[in-house]
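Listing of input.txt; format and content: compact mmCIF, N, CA and C atoms.
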```
# COMPACT_ATOMS: atom_id res chain seq x y z
N MET D 676 -20.46 -4.07 11.60
CA MET D 676 -20.90 -4.74 10.40
C MET D 676 -21.04 -6.23 10.71
N ASP D 677 -22.24 -6.74 10.67
CA ASP D 677 -22.49 -8.14 10.96
C ASP D 677 -23.11 -8.80 9.74
N ILE D 678 -22.29 -9.06 8.74
CA ILE D 678 -22.74 -9.65 7.49
C ILE D 678 -22.40 -11.14 7.51
N ASP D 679 -23.35 -11.96 7.13
CA ASP D 679 -23.14 -13.41 7.06
C ASP D 679 -22.04 -13.72 6.05
N TYR D 680 -21.03 -14.49 6.46
CA TYR D 680 -19.92 -14.77 5.56
C TYR D 680 -20.34 -15.61 4.36
N THR D 681 -21.48 -16.29 4.44
CA THR D 681 -21.92 -17.10 3.30
C THR D 681 -22.67 -16.27 2.26
N ALA D 682 -22.91 -15.00 2.55
CA ALA D 682 -23.52 -14.12 1.56
C ALA D 682 -22.57 -14.00 0.37
N THR D 683 -23.09 -13.63 -0.78
CA THR D 683 -22.24 -13.49 -1.96
C THR D 683 -21.35 -12.26 -1.84
N PHE D 684 -20.34 -12.22 -2.67
CA PHE D 684 -19.46 -11.05 -2.73
C PHE D 684 -20.30 -9.79 -2.92
N GLY D 685 -21.20 -9.83 -3.88
CA GLY D 685 -22.04 -8.66 -4.18
C GLY D 685 -22.94 -8.26 -3.03
N GLU D 686 -23.51 -9.23 -2.35
CA GLU D 686 -24.36 -8.93 -1.19
C GLU D 686 -23.56 -8.27 -0.08
N LYS D 687 -22.34 -8.75 0.14
CA LYS D 687 -21.49 -8.17 1.17
C LYS D 687 -21.11 -6.74 0.82
N LEU D 688 -20.72 -6.54 -0.43
CA LEU D 688 -20.34 -5.20 -0.87
C LEU D 688 -21.53 -4.24 -0.76
N TYR D 689 -22.68 -4.67 -1.23
CA TYR D 689 -23.88 -3.82 -1.17
C TYR D 689 -24.24 -3.47 0.27
N THR D 690 -24.28 -4.48 1.14
CA THR D 690 -24.64 -4.25 2.54
C THR D 690 -23.66 -3.29 3.20
N TRP D 691 -22.37 -3.52 2.97
CA TRP D 691 -21.35 -2.65 3.55
C TRP D 691 -21.50 -1.22 3.03
N ARG D 692 -21.72 -1.07 1.73
CA ARG D 692 -21.86 0.26 1.13
C ARG D 692 -23.06 1.01 1.71
N VAL D 693 -24.19 0.33 1.80
CA VAL D 693 -25.41 0.96 2.33
C VAL D 693 -25.24 1.29 3.81
N GLU D 694 -24.69 0.36 4.59
CA GLU D 694 -24.49 0.60 6.03
C GLU D 694 -23.57 1.79 6.28
N ASN D 695 -22.65 2.03 5.37
CA ASN D 695 -21.70 3.14 5.51
C ASN D 695 -22.13 4.38 4.74
N ASN D 696 -23.33 4.32 4.15
CA ASN D 696 -23.92 5.45 3.46
C ASN D 696 -23.05 5.97 2.31
N TYR D 697 -22.48 5.04 1.53
CA TYR D 697 -21.67 5.41 0.38
C TYR D 697 -22.49 5.20 -0.90
N SER D 698 -22.28 6.07 -1.85
CA SER D 698 -22.94 5.93 -3.15
C SER D 698 -22.12 4.99 -4.04
N LEU D 699 -22.74 4.50 -5.09
CA LEU D 699 -22.02 3.70 -6.07
C LEU D 699 -20.87 4.52 -6.66
N LYS D 700 -21.13 5.78 -6.92
CA LYS D 700 -20.12 6.67 -7.50
C LYS D 700 -18.91 6.80 -6.57
N HIS D 701 -19.17 6.94 -5.27
CA HIS D 701 -18.08 7.07 -4.30
C HIS D 701 -17.22 5.81 -4.28
N ILE D 702 -17.85 4.65 -4.24
CA ILE D 702 -17.11 3.38 -4.22
C ILE D 702 -16.33 3.21 -5.52
N ALA D 703 -16.96 3.54 -6.63
CA ALA D 703 -16.29 3.44 -7.93
C ALA D 703 -15.05 4.32 -7.97
N CYS D 704 -15.14 5.50 -7.39
CA CYS D 704 -14.01 6.42 -7.34
C CYS D 704 -12.88 5.82 -6.50
N ILE D 705 -13.20 5.27 -5.35
CA ILE D 705 -12.19 4.66 -4.48
C ILE D 705 -11.50 3.51 -5.19
N LEU D 706 -12.28 2.70 -5.92
CA LEU D 706 -11.76 1.49 -6.55
C LEU D 706 -11.25 1.72 -7.97
N ASN D 707 -11.37 2.96 -8.44
CA ASN D 707 -10.90 3.31 -9.78
C ASN D 707 -11.57 2.45 -10.86
N CYS D 708 -12.89 2.38 -10.78
CA CYS D 708 -13.66 1.67 -11.79
C CYS D 708 -14.96 2.44 -12.02
N SER D 709 -15.82 1.93 -12.85
CA SER D 709 -17.07 2.65 -13.13
C SER D 709 -18.17 2.29 -12.12
N ARG D 710 -19.13 3.18 -12.01
CA ARG D 710 -20.30 2.94 -11.17
C ARG D 710 -21.04 1.70 -11.66
N LYS D 711 -21.10 1.53 -12.97
CA LYS D 711 -21.79 0.36 -13.55
C LYS D 711 -21.09 -0.94 -13.15
N THR D 712 -19.79 -0.90 -13.05
CA THR D 712 -19.04 -2.10 -12.64
C THR D 712 -19.38 -2.47 -11.22
N VAL D 713 -19.37 -1.50 -10.31
CA VAL D 713 -19.70 -1.76 -8.90
C VAL D 713 -21.13 -2.29 -8.80
N SER D 714 -22.05 -1.70 -9.54
CA SER D 714 -23.43 -2.15 -9.54
C SER D 714 -23.54 -3.59 -10.03
N ALA D 715 -22.80 -3.92 -11.08
CA ALA D 715 -22.83 -5.28 -11.62
C ALA D 715 -22.26 -6.29 -10.62
N TRP D 716 -21.22 -5.89 -9.87
CA TRP D 716 -20.69 -6.77 -8.82
C TRP D 716 -21.75 -7.01 -7.76
N GLU D 717 -22.40 -5.93 -7.31
CA GLU D 717 -23.41 -6.05 -6.27
C GLU D 717 -24.58 -6.93 -6.70
N LYS D 718 -24.96 -6.85 -7.96
CA LYS D 718 -26.08 -7.64 -8.48
C LYS D 718 -25.67 -9.07 -8.82
N GLY D 719 -24.37 -9.34 -8.82
CA GLY D 719 -23.89 -10.67 -9.16
C GLY D 719 -23.86 -10.92 -10.65
N ASN D 720 -23.95 -9.88 -11.45
CA ASN D 720 -23.92 -10.02 -12.91
C ASN D 720 -22.53 -10.32 -13.43
N ILE D 721 -21.52 -9.79 -12.76
CA ILE D 721 -20.13 -10.08 -13.10
C ILE D 721 -19.35 -10.24 -11.80
N LEU D 722 -18.22 -10.90 -11.90
CA LEU D 722 -17.35 -11.06 -10.74
C LEU D 722 -16.12 -10.19 -10.92
N PRO D 723 -15.60 -9.64 -9.83
CA PRO D 723 -14.41 -8.79 -9.94
C PRO D 723 -13.17 -9.62 -10.24
N ASN D 724 -12.18 -8.95 -10.82
CA ASN D 724 -10.91 -9.63 -11.06
C ASN D 724 -10.10 -9.66 -9.75
N TYR D 725 -8.98 -10.31 -9.81
CA TYR D 725 -8.11 -10.52 -8.64
C TYR D 725 -7.76 -9.19 -7.97
N ASP D 726 -7.28 -8.23 -8.74
CA ASP D 726 -6.87 -6.94 -8.18
C ASP D 726 -8.05 -6.22 -7.53
N SER D 727 -9.23 -6.33 -8.12
CA SER D 727 -10.41 -5.67 -7.57
C SER D 727 -10.86 -6.32 -6.27
N ILE D 728 -10.75 -7.62 -6.18
CA ILE D 728 -11.10 -8.33 -4.94
C ILE D 728 -10.21 -7.83 -3.79
N ILE D 729 -8.93 -7.71 -4.07
CA ILE D 729 -8.00 -7.22 -3.06
C ILE D 729 -8.34 -5.78 -2.68
N ALA D 730 -8.62 -4.94 -3.67
CA ALA D 730 -8.95 -3.53 -3.41
C ALA D 730 -10.21 -3.42 -2.56
N VAL D 731 -11.22 -4.24 -2.85
CA VAL D 731 -12.47 -4.20 -2.08
C VAL D 731 -12.20 -4.67 -0.65
N ALA D 732 -11.43 -5.73 -0.49
CA ALA D 732 -11.11 -6.23 0.85
C ALA D 732 -10.39 -5.17 1.67
N LEU D 733 -9.43 -4.49 1.06
CA LEU D 733 -8.70 -3.44 1.77
C LEU D 733 -9.62 -2.27 2.10
N MET D 734 -10.48 -1.90 1.18
CA MET D 734 -11.42 -0.81 1.41
C MET D 734 -12.35 -1.13 2.57
N MET D 735 -12.84 -2.37 2.62
CA MET D 735 -13.79 -2.78 3.65
C MET D 735 -13.09 -3.21 4.94
N HIS D 736 -11.76 -3.36 4.90
CA HIS D 736 -10.98 -3.83 6.05
C HIS D 736 -11.41 -5.23 6.48
N VAL D 737 -11.52 -6.12 5.50
CA VAL D 737 -11.88 -7.52 5.75
C VAL D 737 -10.94 -8.42 4.97
N SER D 738 -10.90 -9.69 5.34
CA SER D 738 -10.06 -10.64 4.61
C SER D 738 -10.72 -11.04 3.29
N THR D 739 -9.89 -11.39 2.33
CA THR D 739 -10.43 -11.85 1.04
C THR D 739 -11.15 -13.18 1.22
N ASP D 740 -10.67 -14.04 2.13
CA ASP D 740 -11.35 -15.31 2.39
C ASP D 740 -12.77 -15.08 2.87
N TRP D 741 -12.96 -14.13 3.79
CA TRP D 741 -14.30 -13.81 4.27
C TRP D 741 -15.14 -13.22 3.14
N LEU D 742 -14.55 -12.30 2.40
CA LEU D 742 -15.26 -11.63 1.32
C LEU D 742 -15.76 -12.62 0.27
N LEU D 743 -14.98 -13.67 0.03
CA LEU D 743 -15.34 -14.67 -0.98
C LEU D 743 -16.13 -15.85 -0.40
N GLY D 744 -16.43 -15.81 0.91
CA GLY D 744 -17.23 -16.86 1.52
C GLY D 744 -16.47 -18.12 1.86
N ILE D 745 -15.15 -18.01 1.95
CA ILE D 745 -14.32 -19.18 2.24
C ILE D 745 -14.18 -19.39 3.74
N SER D 746 -14.18 -18.30 4.50
CA SER D 746 -13.95 -18.37 5.94
C SER D 746 -14.88 -17.42 6.69
N PRO D 747 -15.31 -17.82 7.88
CA PRO D 747 -16.12 -16.91 8.70
C PRO D 747 -15.28 -15.83 9.38
N ASP D 748 -13.94 -15.96 9.33
CA ASP D 748 -13.05 -14.99 9.96
C ASP D 748 -12.80 -13.82 9.01
N LYS D 749 -13.33 -12.64 9.35
CA LYS D 749 -13.17 -11.50 8.45
C LYS D 749 -11.99 -10.61 8.81
N THR D 750 -11.15 -11.05 9.74
CA THR D 750 -10.00 -10.26 10.16
C THR D 750 -9.01 -10.10 9.02
N LEU D 751 -8.69 -8.85 8.72
CA LEU D 751 -7.72 -8.54 7.69
C LEU D 751 -6.33 -8.61 8.29
N ARG D 752 -5.49 -9.43 7.70
CA ARG D 752 -4.10 -9.58 8.18
C ARG D 752 -3.17 -9.15 7.05
N ILE D 753 -2.39 -8.13 7.32
CA ILE D 753 -1.43 -7.65 6.34
C ILE D 753 -0.04 -7.95 6.88
N GLN D 754 0.72 -8.68 6.09
CA GLN D 754 2.03 -9.08 6.52
C GLN D 754 3.08 -8.25 5.81
N ASN D 755 3.98 -7.66 6.57
CA ASN D 755 5.09 -6.89 5.98
C ASN D 755 6.11 -7.85 5.43
N SER D 756 6.81 -7.43 4.39
CA SER D 756 7.82 -8.29 3.78
C SER D 756 9.22 -8.02 4.32
N ASP D 757 9.30 -7.36 5.48
CA ASP D 757 10.60 -7.06 6.08
C ASP D 757 11.28 -8.29 6.59
```
Using the file provided, produce a representation of the structure as structure tokens.
Amino acid sequence: MDIDYTATFGEKLYTWRVENNYSLKHIACILNCSRKTVSAWEKGNILPNYDSIIAVALMMHVSTDWLLGISPDKTLRIQNSD
């Protein structure tokens, strides 16, 4: 997946979904939201809430900073609280 980090959240989600051959319905099921919500995110009509941003980042295996266009580093780092 070689998506420009400056692309919008919706553009990144759409590109990732299409490249992975997932339907809107499939993504909505994974994220526990409606197909219309995912479509609205992709079109930039609405922005996801905090919990949804995290869920999308985990689903795509990318950092939230990359997903939001803050950083070119898309490496997902999960830190244990041990």
Do you know which residues are at most 8 Å from D:Pro747 counting all atoms listed in the file, after dropping those on the same chain fewer than 3 positions away, and could you put them as a PyMOL selection string?
chain D and resi 679-681+740-742+744+750
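The list of residues with at least one atom within 7 Å of D:Leu699, based on only C-alpha atoms and without residues fewer than 5 positions apart in the same chain, reads D:Arg710, D:Val713, D:Ser714.
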I'd like to know which of D:Thr712, D:Ile702, D:Val693, D:Leu751 is closest to D:Ala732, using all atoms listed in the file.
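Ranked by minimum distance to D:Ala732, first place goes to D:Leu751.
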Residue with smallest distance to D:Glu686 - pool D:Lys700, D:Asn707, D:Gln754, D:Asn720, counting only C-alpha atoms:
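Nearest candidate to D:Glu686 out of D:Lys700, D:Asn707, D:Gln754, D:Asn720: D:Asn720.
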Just how far from atom C of D:Gly685 is atom CA of D:Lys718, in Å to one decimal?
6.3 Å
Which residues in chain D does DSSP call alpha helix (DSSP H)? List them as a PyMOL selection string.
chain D and resi 684-694+699-706+710-718+725-735+739-742
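As for atom CA of D:Thr739 and atom CA of D:Thr690, they are spaced 16.2 Å apart.
With distances restricted to only C-alpha atoms, D:Arg692 is the closest residue to D:Ile678 from D:Pro723, D:Arg692, D:Ile729, D:Arg752.
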What does the distance from atom CA of D:Tyr725 to atom CA of D:Lys687 come to in Å, to one decimal?
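Between atom CA of D:Tyr725 and atom CA of D:Lys687 the gap works out to 16.8 Å.
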Could you tell me which of D:Asp748, D:Phe684, D:Val731, D:Asn755 comes closest to D:Gly719 if we count all atoms listed in the file?
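Closest candidate: D:Phe684.
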Each side padded by 3 Å, which centre and which edge lengths in Å (one decimal) define the axis-aligned box around the listed atoms of stretch 692-710 of chain D? Give them as AutoDock Vina command-line options.
```
--center_x -18.2 --center_y 3.0 --center_z -3.4 --size_x 20.5 --size_y 14.1 --size_z 25.4
```
Choose the residue, out of D:Ile753, D:Leu743, D:Leu706, D:Trp716, that has the smallest atom-to-atom separation from D:Ala730; count only N, CA and C atoms.
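Of all the options, D:Leu706 lies closest to D:Ala730.
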Since the input lacks some atoms of stretch 721-732 of chain D, please model all heavy atoms and print them as a PDB file, keeping the file's coordinate frame.
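For reference, result10.pdb as written:
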```
ATOM      1  N   ILE D 721     -21.520  -9.790 -12.760  1.00  0.00           N
ATOM      2  CA  ILE D 721     -20.130 -10.080 -13.100  1.00  0.00           C
ATOM      3  C   ILE D 721     -19.350 -10.240 -11.800  1.00  0.00           C
ATOM      4  O   ILE D 721     -19.779  -9.767 -10.744  1.00  0.00           O
ATOM      5  CB  ILE D 721     -19.466  -8.977 -13.970  1.00  0.00           C
ATOM      6  CG1 ILE D 721     -19.441  -7.639 -13.241  1.00  0.00           C
ATOM      7  CG2 ILE D 721     -20.126  -8.878 -15.325  1.00  0.00           C
ATOM      8  CD1 ILE D 721     -18.625  -6.553 -13.953  1.00  0.00           C
ATOM      9  N   LEU D 722     -18.220 -10.900 -11.900  1.00  0.00           N
ATOM     10  CA  LEU D 722     -17.350 -11.060 -10.740  1.00  0.00           C
ATOM     11  C   LEU D 722     -16.120 -10.190 -10.920  1.00  0.00           C
ATOM     12  O   LEU D 722     -15.645  -9.999 -12.040  1.00  0.00           O
ATOM     13  CB  LEU D 722     -16.924 -12.527 -10.596  1.00  0.00           C
ATOM     14  CG  LEU D 722     -18.049 -13.508 -10.280  1.00  0.00           C
ATOM     15  CD1 LEU D 722     -17.525 -14.939 -10.308  1.00  0.00           C
ATOM     16  CD2 LEU D 722     -18.656 -13.193  -8.924  1.00  0.00           C
ATOM     17  N   PRO D 723     -15.600  -9.640  -9.830  1.00  0.00           N
ATOM     18  CA  PRO D 723     -14.410  -8.790  -9.940  1.00  0.00           C
ATOM     19  C   PRO D 723     -13.170  -9.620 -10.240  1.00  0.00           C
ATOM     20  O   PRO D 723     -13.117 -10.812  -9.948  1.00  0.00           O
ATOM     21  CB  PRO D 723     -14.322  -8.153  -8.552  1.00  0.00           C
ATOM     22  CG  PRO D 723     -14.985  -9.130  -7.650  1.00  0.00           C
ATOM     23  CD  PRO D 723     -16.076  -9.771  -8.462  1.00  0.00           C
ATOM     24  N   ASN D 724     -12.180  -8.950 -10.820  1.00  0.00           N
ATOM     25  CA  ASN D 724     -10.910  -9.630 -11.060  1.00  0.00           C
ATOM     26  C   ASN D 724     -10.100  -9.660  -9.750  1.00  0.00           C
ATOM     27  O   ASN D 724     -10.497  -9.095  -8.734  1.00  0.00           O
ATOM     28  CB  ASN D 724     -10.124  -8.961 -12.192  1.00  0.00           C
ATOM     29  CG  ASN D 724      -9.713  -7.531 -11.893  1.00  0.00           C
ATOM     30  OD1 ASN D 724      -9.553  -7.144 -10.741  1.00  0.00           O
ATOM     31  ND2 ASN D 724      -9.552  -6.730 -12.925  1.00  0.00           N
ATOM     32  N   TYR D 725      -8.980 -10.310  -9.810  1.00  0.00           N
ATOM     33  CA  TYR D 725      -8.110 -10.520  -8.640  1.00  0.00           C
ATOM     34  C   TYR D 725      -7.760  -9.190  -7.970  1.00  0.00           C
ATOM     35  O   TYR D 725      -7.902  -9.051  -6.751  1.00  0.00           O
ATOM     36  CB  TYR D 725      -6.857 -11.260  -9.099  1.00  0.00           C
ATOM     37  CG  TYR D 725      -5.808 -11.454  -8.045  1.00  0.00           C
ATOM     38  CD1 TYR D 725      -5.925 -12.477  -7.114  1.00  0.00           C
ATOM     39  CD2 TYR D 725      -4.688 -10.627  -7.984  1.00  0.00           C
ATOM     40  CE1 TYR D 725      -4.957 -12.665  -6.140  1.00  0.00           C
ATOM     41  CE2 TYR D 725      -3.719 -10.809  -7.012  1.00  0.00           C
ATOM     42  CZ  TYR D 725      -3.851 -11.835  -6.098  1.00  0.00           C
ATOM     43  OH  TYR D 725      -2.905 -12.015  -5.143  1.00  0.00           O
ATOM     44  N   ASP D 726      -7.280  -8.230  -8.740  1.00  0.00           N
ATOM     45  CA  ASP D 726      -6.870  -6.940  -8.180  1.00  0.00           C
ATOM     46  C   ASP D 726      -8.050  -6.220  -7.530  1.00  0.00           C
ATOM     47  O   ASP D 726      -7.891  -5.575  -6.486  1.00  0.00           O
ATOM     48  CB  ASP D 726      -6.246  -6.048  -9.253  1.00  0.00           C
ATOM     49  CG  ASP D 726      -4.900  -6.564  -9.733  1.00  0.00           C
ATOM     50  OD1 ASP D 726      -4.220  -7.262  -8.953  1.00  0.00           O
ATOM     51  OD2 ASP D 726      -4.528  -6.273 -10.881  1.00  0.00           O
ATOM     52  N   SER D 727      -9.230  -6.330  -8.120  1.00  0.00           N
ATOM     53  CA  SER D 727     -10.410  -5.670  -7.570  1.00  0.00           C
ATOM     54  C   SER D 727     -10.860  -6.320  -6.270  1.00  0.00           C
ATOM     55  O   SER D 727     -11.305  -5.625  -5.347  1.00  0.00           O
ATOM     56  CB  SER D 727     -11.551  -5.674  -8.584  1.00  0.00           C
ATOM     57  OG  SER D 727     -11.197  -4.926  -9.728  1.00  0.00           O
ATOM     58  N   ILE D 728     -10.750  -7.620  -6.180  1.00  0.00           N
ATOM     59  CA  ILE D 728     -11.100  -8.330  -4.940  1.00  0.00           C
ATOM     60  C   ILE D 728     -10.210  -7.830  -3.790  1.00  0.00           C
ATOM     61  O   ILE D 728     -10.694  -7.535  -2.703  1.00  0.00           O
ATOM     62  CB  ILE D 728     -10.961  -9.858  -5.098  1.00  0.00           C
ATOM     63  CG1 ILE D 728     -12.035 -10.379  -6.053  1.00  0.00           C
ATOM     64  CG2 ILE D 728     -11.050 -10.569  -3.744  1.00  0.00           C
ATOM     65  CD1 ILE D 728     -11.826 -11.810  -6.492  1.00  0.00           C
ATOM     66  N   ILE D 729      -8.930  -7.710  -4.070  1.00  0.00           N
ATOM     67  CA  ILE D 729      -8.000  -7.220  -3.060  1.00  0.00           C
ATOM     68  C   ILE D 729      -8.340  -5.780  -2.680  1.00  0.00           C
ATOM     69  O   ILE D 729      -8.377  -5.423  -1.491  1.00  0.00           O
ATOM     70  CB  ILE D 729      -6.542  -7.330  -3.542  1.00  0.00           C
ATOM     71  CG1 ILE D 729      -6.155  -8.813  -3.656  1.00  0.00           C
ATOM     72  CG2 ILE D 729      -5.586  -6.589  -2.607  1.00  0.00           C
ATOM     73  CD1 ILE D 729      -4.832  -9.054  -4.324  1.00  0.00           C
ATOM     74  N   ALA D 730      -8.620  -4.940  -3.670  1.00  0.00           N
ATOM     75  CA  ALA D 730      -8.950  -3.530  -3.410  1.00  0.00           C
ATOM     76  C   ALA D 730     -10.210  -3.420  -2.560  1.00  0.00           C
ATOM     77  O   ALA D 730     -10.274  -2.603  -1.630  1.00  0.00           O
ATOM     78  CB  ALA D 730      -9.109  -2.777  -4.722  1.00  0.00           C
ATOM     79  N   VAL D 731     -11.220  -4.240  -2.850  1.00  0.00           N
ATOM     80  CA  VAL D 731     -12.470  -4.200  -2.080  1.00  0.00           C
ATOM     81  C   VAL D 731     -12.200  -4.670  -0.650  1.00  0.00           C
ATOM     82  O   VAL D 731     -12.680  -4.051   0.306  1.00  0.00           O
ATOM     83  CB  VAL D 731     -13.572  -5.054  -2.754  1.00  0.00           C
ATOM     84  CG1 VAL D 731     -14.772  -5.220  -1.834  1.00  0.00           C
ATOM     85  CG2 VAL D 731     -13.993  -4.422  -4.070  1.00  0.00           C
ATOM     86  N   ALA D 732     -11.430  -5.730  -0.490  1.00  0.00           N
ATOM     87  CA  ALA D 732     -11.110  -6.230   0.850  1.00  0.00           C
ATOM     88  C   ALA D 732     -10.390  -5.170   1.670  1.00  0.00           C
ATOM     89  O   ALA D 732     -10.701  -4.949   2.846  1.00  0.00           O
ATOM     90  CB  ALA D 732     -10.280  -7.503   0.763  1.00  0.00           C
TER      91      ALA D 732
END
```
